[in-house]
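Novice: entry-v1.pdb (PDB, C-alpha atoms) pasted underneath:
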```pdb
ATOM      1  CA  MET C   4      -2.126  22.333 -76.197  1.00  0.00           C
ATOM      2  CA  GLU C   5       1.519  23.181 -76.712  1.00  0.00           C
ATOM      3  CA  LEU C   6       3.057  26.644 -76.760  1.00  0.00           C
ATOM      4  CA  THR C   7       6.534  26.945 -78.193  1.00  0.00           C
ATOM      5  CA  ALA C   8       8.974  28.735 -75.918  1.00  0.00           C
ATOM      6  CA  THR C   9      12.565  29.748 -76.466  1.00  0.00           C
ATOM      7  CA  LEU C  10      15.154  29.030 -73.812  1.00  0.00           C
ATOM      8  CA  PHE C  11      16.789  32.432 -73.672  1.00  0.00           C
ATOM      9  CA  ASN C  12      14.207  35.063 -74.471  1.00  0.00           C
ATOM     10  CA  THR C  13      11.814  37.133 -72.422  1.00  0.00           C
ATOM     11  CA  ARG C  14      11.167  35.934 -68.899  1.00  0.00           C
ATOM     12  CA  ASP C  15       7.398  36.266 -69.260  1.00  0.00           C
ATOM     13  CA  GLU C  16       7.047  34.578 -72.647  1.00  0.00           C
ATOM     14  CA  HIS C  17       3.481  33.247 -73.067  1.00  0.00           C
ATOM     15  CA  CYS C  18       2.378  34.275 -69.558  1.00  0.00           C
ATOM     16  CA  GLU C  19      -0.485  36.376 -70.949  1.00  0.00           C
ATOM     17  CA  THR C  20      -1.538  33.545 -73.270  1.00  0.00           C
ATOM     18  CA  VAL C  21      -1.654  31.006 -70.437  1.00  0.00           C
ATOM     19  CA  ILE C  22      -3.597  33.429 -68.237  1.00  0.00           C
ATOM     20  CA  ALA C  23      -6.112  34.067 -71.040  1.00  0.00           C
ATOM     21  CA  LEU C  24      -6.544  30.328 -71.697  1.00  0.00           C
ATOM     22  CA  ALA C  25      -7.163  29.677 -67.998  1.00  0.00           C
ATOM     23  CA  ARG C  26      -9.654  32.549 -67.714  1.00  0.00           C
ATOM     24  CA  GLY C  27     -11.464  31.263 -70.803  1.00  0.00           C
ATOM     25  CA  GLY C  28     -11.783  27.800 -69.264  1.00  0.00           C
ATOM     26  CA  GLU C  29      -9.733  26.255 -72.048  1.00  0.00           C
ATOM     27  CA  ILE C  30      -7.071  24.859 -69.704  1.00  0.00           C
ATOM     28  CA  THR C  31      -6.987  23.800 -66.064  1.00  0.00           C
ATOM     29  CA  ALA C  32      -3.262  23.100 -65.790  1.00  0.00           C
ATOM     30  CA  ALA C  33       0.012  24.270 -67.319  1.00  0.00           C
ATOM     31  CA  MET C  34       3.527  22.865 -67.222  1.00  0.00           C
ATOM     32  CA  PHE C  35       6.472  25.211 -67.630  1.00  0.00           C
ATOM     33  CA  PRO C  36       9.830  24.195 -69.132  1.00  0.00           C
ATOM     34  CA  SER C  37      11.734  25.281 -66.017  1.00  0.00           C
ATOM     35  CA  ASP C  38      11.078  26.222 -62.422  1.00  0.00           C
ATOM     36  CA  HIS C  39      12.422  29.681 -63.191  1.00  0.00           C
ATOM     37  CA  ARG C  40       9.676  30.205 -65.780  1.00  0.00           C
ATOM     38  CA  LEU C  41       7.093  28.855 -63.360  1.00  0.00           C
ATOM     39  CA  ILE C  42       8.163  31.390 -60.739  1.00  0.00           C
ATOM     40  CA  ARG C  43       7.916  34.179 -63.304  1.00  0.00           C
ATOM     41  CA  PHE C  44       4.433  32.966 -64.277  1.00  0.00           C
ATOM     42  CA  LEU C  45       3.316  32.907 -60.633  1.00  0.00           C
ATOM     43  CA  THR C  46       4.254  36.590 -60.391  1.00  0.00           C
ATOM     44  CA  GLU C  47       2.268  37.437 -63.534  1.00  0.00           C
ATOM     45  CA  ALA C  48      -0.697  35.276 -62.480  1.00  0.00           C
ATOM     46  CA  LYS C  49      -0.890  37.019 -59.129  1.00  0.00           C
ATOM     47  CA  ARG C  50      -0.708  40.405 -60.838  1.00  0.00           C
ATOM     48  CA  ALA C  51      -3.584  39.332 -63.113  1.00  0.00           C
ATOM     49  CA  GLY C  52      -5.704  38.037 -60.223  1.00  0.00           C
ATOM     50  CA  LEU C  53      -5.416  34.388 -61.273  1.00  0.00           C
ATOM     51  CA  ARG C  54      -5.333  32.055 -58.278  1.00  0.00           C
ATOM     52  CA  VAL C  55      -2.932  29.108 -58.266  1.00  0.00           C
ATOM     53  CA  PRO C  56      -3.955  26.297 -57.911  1.00  0.00           C
ATOM     54  CA  GLU C  57      -7.649  27.228 -57.534  1.00  0.00           C
ATOM     55  CA  ASP C  58      -7.987  28.714 -61.044  1.00  0.00           C
ATOM     56  CA  LEU C  59      -5.026  26.967 -62.651  1.00  0.00           C
ATOM     57  CA  SER C  60      -2.691  24.186 -61.541  1.00  0.00           C
ATOM     58  CA  VAL C  61       0.918  24.732 -62.573  1.00  0.00           C
ATOM     59  CA  THR C  62       4.094  22.683 -62.503  1.00  0.00           C
ATOM     60  CA  GLY C  63       7.699  23.371 -63.326  1.00  0.00           C
ATOM     61  CA  TRP C  64      10.373  21.188 -64.815  1.00  0.00           C
ATOM     62  CA  ASP C  65      13.888  20.756 -63.511  1.00  0.00           C
ATOM     63  CA  GLY C  66      13.664  20.904 -59.718  1.00  0.00           C
ATOM     64  CA  VAL C  67      16.806  22.991 -59.404  1.00  0.00           C
ATOM     65  CA  TYR C  68      15.452  25.059 -56.511  1.00  0.00           C
ATOM     66  CA  ASP C  69      15.945  23.276 -53.214  1.00  0.00           C
ATOM     67  CA  ASP C  70      13.310  25.344 -51.455  1.00  0.00           C
ATOM     68  CA  ASP C  71      12.392  22.885 -48.678  1.00  0.00           C
ATOM     69  CA  GLY C  72       8.743  23.768 -49.275  1.00  0.00           C
ATOM     70  CA  LEU C  73       9.260  27.510 -48.902  1.00  0.00           C
ATOM     71  CA  LEU C  74       8.147  28.254 -52.464  1.00  0.00           C
ATOM     72  CA  GLY C  75       5.868  25.227 -52.633  1.00  0.00           C
ATOM     73  CA  LEU C  76       6.565  24.554 -56.293  1.00  0.00           C
ATOM     74  CA  THR C  77       5.176  21.380 -57.816  1.00  0.00           C
ATOM     75  CA  THR C  78       7.820  20.221 -60.276  1.00  0.00           C
ATOM     76  CA  VAL C  79       9.612  17.312 -61.849  1.00  0.00           C
ATOM     77  CA  ARG C  80      13.211  17.117 -60.712  1.00  0.00           C
ATOM     78  CA  ILE C  81      15.623  16.013 -63.360  1.00  0.00           C
ATOM     79  CA  PRO C  82      18.668  14.099 -62.112  1.00  0.00           C
ATOM     80  CA  ILE C  83      21.086  16.993 -62.580  1.00  0.00           C
ATOM     81  CA  GLU C  84      24.005  15.147 -61.061  1.00  0.00           C
ATOM     82  CA  ALA C  85      23.618  12.160 -63.408  1.00  0.00           C
ATOM     83  CA  ALA C  86      23.189  14.480 -66.407  1.00  0.00           C
ATOM     84  CA  ALA C  87      26.376  16.362 -65.450  1.00  0.00           C
ATOM     85  CA  VAL C  88      28.387  13.162 -65.068  1.00  0.00           C
ATOM     86  CA  ARG C  89      27.147  11.924 -68.444  1.00  0.00           C
ATOM     87  CA  ALA C  90      27.923  15.298 -70.075  1.00  0.00           C
ATOM     88  CA  MET C  91      31.496  15.159 -68.775  1.00  0.00           C
ATOM     89  CA  THR C  92      31.925  11.649 -70.181  1.00  0.00           C
ATOM     90  CA  VAL C  93      30.637  12.733 -73.596  1.00  0.00           C
ATOM     91  CA  MET C  94      32.812  15.880 -73.618  1.00  0.00           C
ATOM     92  CA  ARG C  95      35.880  13.814 -72.698  1.00  0.00           C
ATOM     93  CA  SER C  96      35.150  11.483 -75.636  1.00  0.00           C
ATOM     94  CA  MET C  97      34.623  14.418 -77.985  1.00  0.00           C
ATOM     95  CA  LEU C  98      37.949  15.946 -76.986  1.00  0.00           C
ATOM     96  CA  ALA C  99      39.779  12.642 -77.319  1.00  0.00           C
ATOM     97  CA  THR C 100      38.292  11.778 -80.725  1.00  0.00           C
ATOM     98  CA  PRO C 101      36.912  14.927 -82.404  1.00  0.00           C
ATOM     99  CA  GLY C 102      34.133  14.214 -84.890  1.00  0.00           C
ATOM    100  CA  GLU C 103      33.858  10.546 -83.971  1.00  0.00           C
ATOM    101  CA  VAL C 104      31.307  10.664 -81.138  1.00  0.00           C
ATOM    102  CA  ALA C 105      27.870   9.674 -82.422  1.00  0.00           C
ATOM    103  CA  VAL C 106      24.733  11.495 -81.372  1.00  0.00           C
ATOM    104  CA  ARG C 107      22.797   9.470 -78.794  1.00  0.00           C
ATOM    105  CA  HIS C 108      19.458  10.131 -77.205  1.00  0.00           C
ATOM    106  CA  GLU C 109      19.459   9.095 -73.590  1.00  0.00           C
ATOM    107  CA  ARG C 110      16.764   9.052 -70.957  1.00  0.00           C
ATOM    108  CA  LEU C 111      17.223   9.926 -67.333  1.00  0.00           C
ATOM    109  CA  ARG C 112      14.431   9.239 -64.873  1.00  0.00           C
ATOM    110  CA  GLY C 113      13.025  12.339 -63.178  1.00  0.00           C
ATOM    111  CA  SER C 114      11.127  12.400 -59.910  1.00  0.00           C
ATOM    112  CA  PHE C 115       7.902  14.148 -58.976  1.00  0.00           C
ATOM    113  CA  VAL C 116       8.230  16.864 -56.332  1.00  0.00           C
ATOM    114  CA  PRO C 117       4.829  17.605 -54.796  1.00  0.00           C
ATOM    115  CA  GLY C 118       3.992  21.191 -53.932  1.00  0.00           C
ATOM    116  CA  SER C 119       1.151  23.619 -53.408  1.00  0.00           C
ATOM    117  CA  THR C 120       0.775  24.702 -57.040  1.00  0.00           C
ATOM    118  CA  LEU C 121      -1.088  21.587 -58.175  1.00  0.00           C
ATOM    119  CA  ALA C 122      -4.750  21.000 -57.279  1.00  0.00           C
ATOM    120  CA  PRO C 123      -6.536  17.630 -57.317  1.00  0.00           C
ATOM    121  CA  VAL C 124      -8.100  16.667 -60.648  1.00  0.00           C
ATOM    122  CA  THR C 125     -11.767  17.692 -60.715  1.00  0.00           C
ATOM    123  CA  ARG C 126     -12.746  17.112 -64.340  1.00  0.00           C
TER
END
```
The structure in this file should be written as structure tokens.

Specialist:
Amino acid sequence: MELTATLFNTRDEHCETVIALARGGEITAAMFPSDHRLIRFLTEAKRAGLRVPEDLSVTGWDGVYDDDGLLGLTTVRIPIEAAAVRAMTVMRSMLATPGEVAVRHERLRGSFVPGSTLAPVTR
């Protein structure tokens, strides 16, 4: 199931929906588009009495918080350094030859960061 989220809107966008889906037994796990949104969801889940990961496993996406296990977030870390280097190269090309840089889709390999917000698969 996919919920559409905006990048720069309310911090708790879809939190209530995810909580309701978990309570209704419709989902057992949720992935958030950023660690920041995951942290916001954890606050709302706790407020609603939803236990993570017992009632719902959750993961983030970006791995920008270097929490050394303090937060215990399960996430996928994107290679921010490689993305930044590539962005600088593309921007340099765009400045040197405006309008001549073609759109390219590129893949960068992320890495799994284990944490305490993901439970073992049970069903």

Novice: Would you mind listing what lies within 12 Å of Glu5 of chain C as a list in words, with all atoms listed in the file counted and same-chain residues fewer than 5 positions away left out?

Specialist: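 Residues meeting the cut-off are His17, Thr20, Val21, Leu24, Ile30, Ala32, Ala33, Met34, Phe35 and Pro36 of chain C.
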
Novice: Quick one: apply the PyMOL selection byres ((chain C and resi 112-122) around 10) to the file and drop the selected residues here as a VMD selection string.

Specialist: chain C and resid 31 to 33 41 45 54 to 66 72 to 83 85 110 to 111 123 to 125

Novice: For the residues selected in the previous step, produce a file with C-alpha atoms as a short mmCIF file (atom, residue, chain, number, x, y, z; two decimals), in the coordinates of the input.

Specialist:
```
data_model
loop_
_atom_site.label_atom_id
_atom_site.label_comp_id
_atom_site.auth_asym_id
_atom_site.auth_seq_id
_atom_site.Cartn_x
_atom_site.Cartn_y
_atom_site.Cartn_z
CA THR C 31 -6.99 23.80 -66.06
CA ALA C 32 -3.26 23.10 -65.79
CA ALA C 33 0.01 24.27 -67.32
CA LEU C 41 7.09 28.86 -63.36
CA LEU C 45 3.32 32.91 -60.63
CA ARG C 54 -5.33 32.06 -58.28
CA VAL C 55 -2.93 29.11 -58.27
CA PRO C 56 -3.96 26.30 -57.91
CA GLU C 57 -7.65 27.23 -57.53
CA ASP C 58 -7.99 28.71 -61.04
CA LEU C 59 -5.03 26.97 -62.65
CA SER C 60 -2.69 24.19 -61.54
CA VAL C 61 0.92 24.73 -62.57
CA THR C 62 4.09 22.68 -62.50
CA GLY C 63 7.70 23.37 -63.33
CA TRP C 64 10.37 21.19 -64.82
CA ASP C 65 13.89 20.76 -63.51
CA GLY C 66 13.66 20.90 -59.72
CA GLY C 72 8.74 23.77 -49.28
CA LEU C 73 9.26 27.51 -48.90
CA LEU C 74 8.15 28.25 -52.46
CA GLY C 75 5.87 25.23 -52.63
CA LEU C 76 6.56 24.55 -56.29
CA THR C 77 5.18 21.38 -57.82
CA THR C 78 7.82 20.22 -60.28
CA VAL C 79 9.61 17.31 -61.85
CA ARG C 80 13.21 17.12 -60.71
CA ILE C 81 15.62 16.01 -63.36
CA PRO C 82 18.67 14.10 -62.11
CA ILE C 83 21.09 16.99 -62.58
CA ALA C 85 23.62 12.16 -63.41
CA ARG C 110 16.76 9.05 -70.96
CA LEU C 111 17.22 9.93 -67.33
CA PRO C 123 -6.54 17.63 -57.32
CA VAL C 124 -8.10 16.67 -60.65
CA THR C 125 -11.77 17.69 -60.72
#
```

Novice: Please provide the set of residues having any atom within 10 Å of Leu53 of chain C, restricted to all atoms listed in the file, with same-chain residues fewer than 5 positions apart removed, written as a ChimeraX atom specification.

Specialist: /C:22-23,25-26,45-48,58-59

Novice: Save out the residues we just selected, C-alpha atoms, as an mmCIF file, keeping the file's coordinate frame.

Specialist:
```
data_model
loop_
_atom_site.group_PDB
_atom_site.id
_atom_site.type_symbol
_atom_site.label_atom_id
_atom_site.label_comp_id
_atom_site.auth_asym_id
_atom_site.auth_seq_id
_atom_site.Cartn_x
_atom_site.Cartn_y
_atom_site.Cartn_z
ATOM 1 C CA ILE C 22 -3.597 33.429 -68.237
ATOM 2 C CA ALA C 23 -6.112 34.067 -71.040
ATOM 3 C CA ALA C 25 -7.163 29.677 -67.998
ATOM 4 C CA ARG C 26 -9.654 32.549 -67.714
ATOM 5 C CA LEU C 45 3.316 32.907 -60.633
ATOM 6 C CA THR C 46 4.254 36.590 -60.391
ATOM 7 C CA GLU C 47 2.268 37.437 -63.534
ATOM 8 C CA ALA C 48 -0.697 35.276 -62.480
ATOM 9 C CA ASP C 58 -7.987 28.714 -61.044
ATOM 10 C CA LEU C 59 -5.026 26.967 -62.651
#
```

Novice: Have a look at C:Val104, C:Val93, C:Glu19, C:Tyr68 and name the one nearest to Ser37 of chain C; count only C-alpha atoms.

Specialist: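 Ranking C:Val104, C:Val93, C:Glu19, C:Tyr68 by distance to Ser37 of chain C, first place goes to C:Tyr68.
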
Novice: Nearest residue to Glu109 of chain C out of C:Cys18, C:Ala51, C:Ala86, C:Ile42, using all atoms listed in the file?

Specialist: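 Nearest candidate to Glu109 of chain C out of C:Cys18, C:Ala51, C:Ala86, C:Ile42: C:Ala86.
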
Novice: Just how far from atom CA of Arg107 of chain C is atom CA of Val88 of chain C, in Å to one decimal?

Specialist: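 According to the coordinates, atom CA of Val88 of chain C and atom CA of Arg107 of chain C are separated by 15.3 Å.
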
Novice: Quick one: of C:His108, C:Arg43, C:Gly102, C:Lys49, who's nearest to Arg89 of chain C, counting all atoms listed in the file?

Specialist: C:His108

Novice: Could you please determine the separation between atom CA of Met91 of chain C and atom CA of Asp38 of chain C in Å, to one decimal place?

Specialist: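 Rounded to one decimal, the two atoms are 24.1 Å apart.
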
Novice: Just how far from atom CA of Gly27 of chain C is atom CA of Met4 of chain C, in Å to one decimal?

Specialist: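 Pair atom CA of Met4 of chain C / atom CA of Gly27 of chain C returns 14.0 Å.
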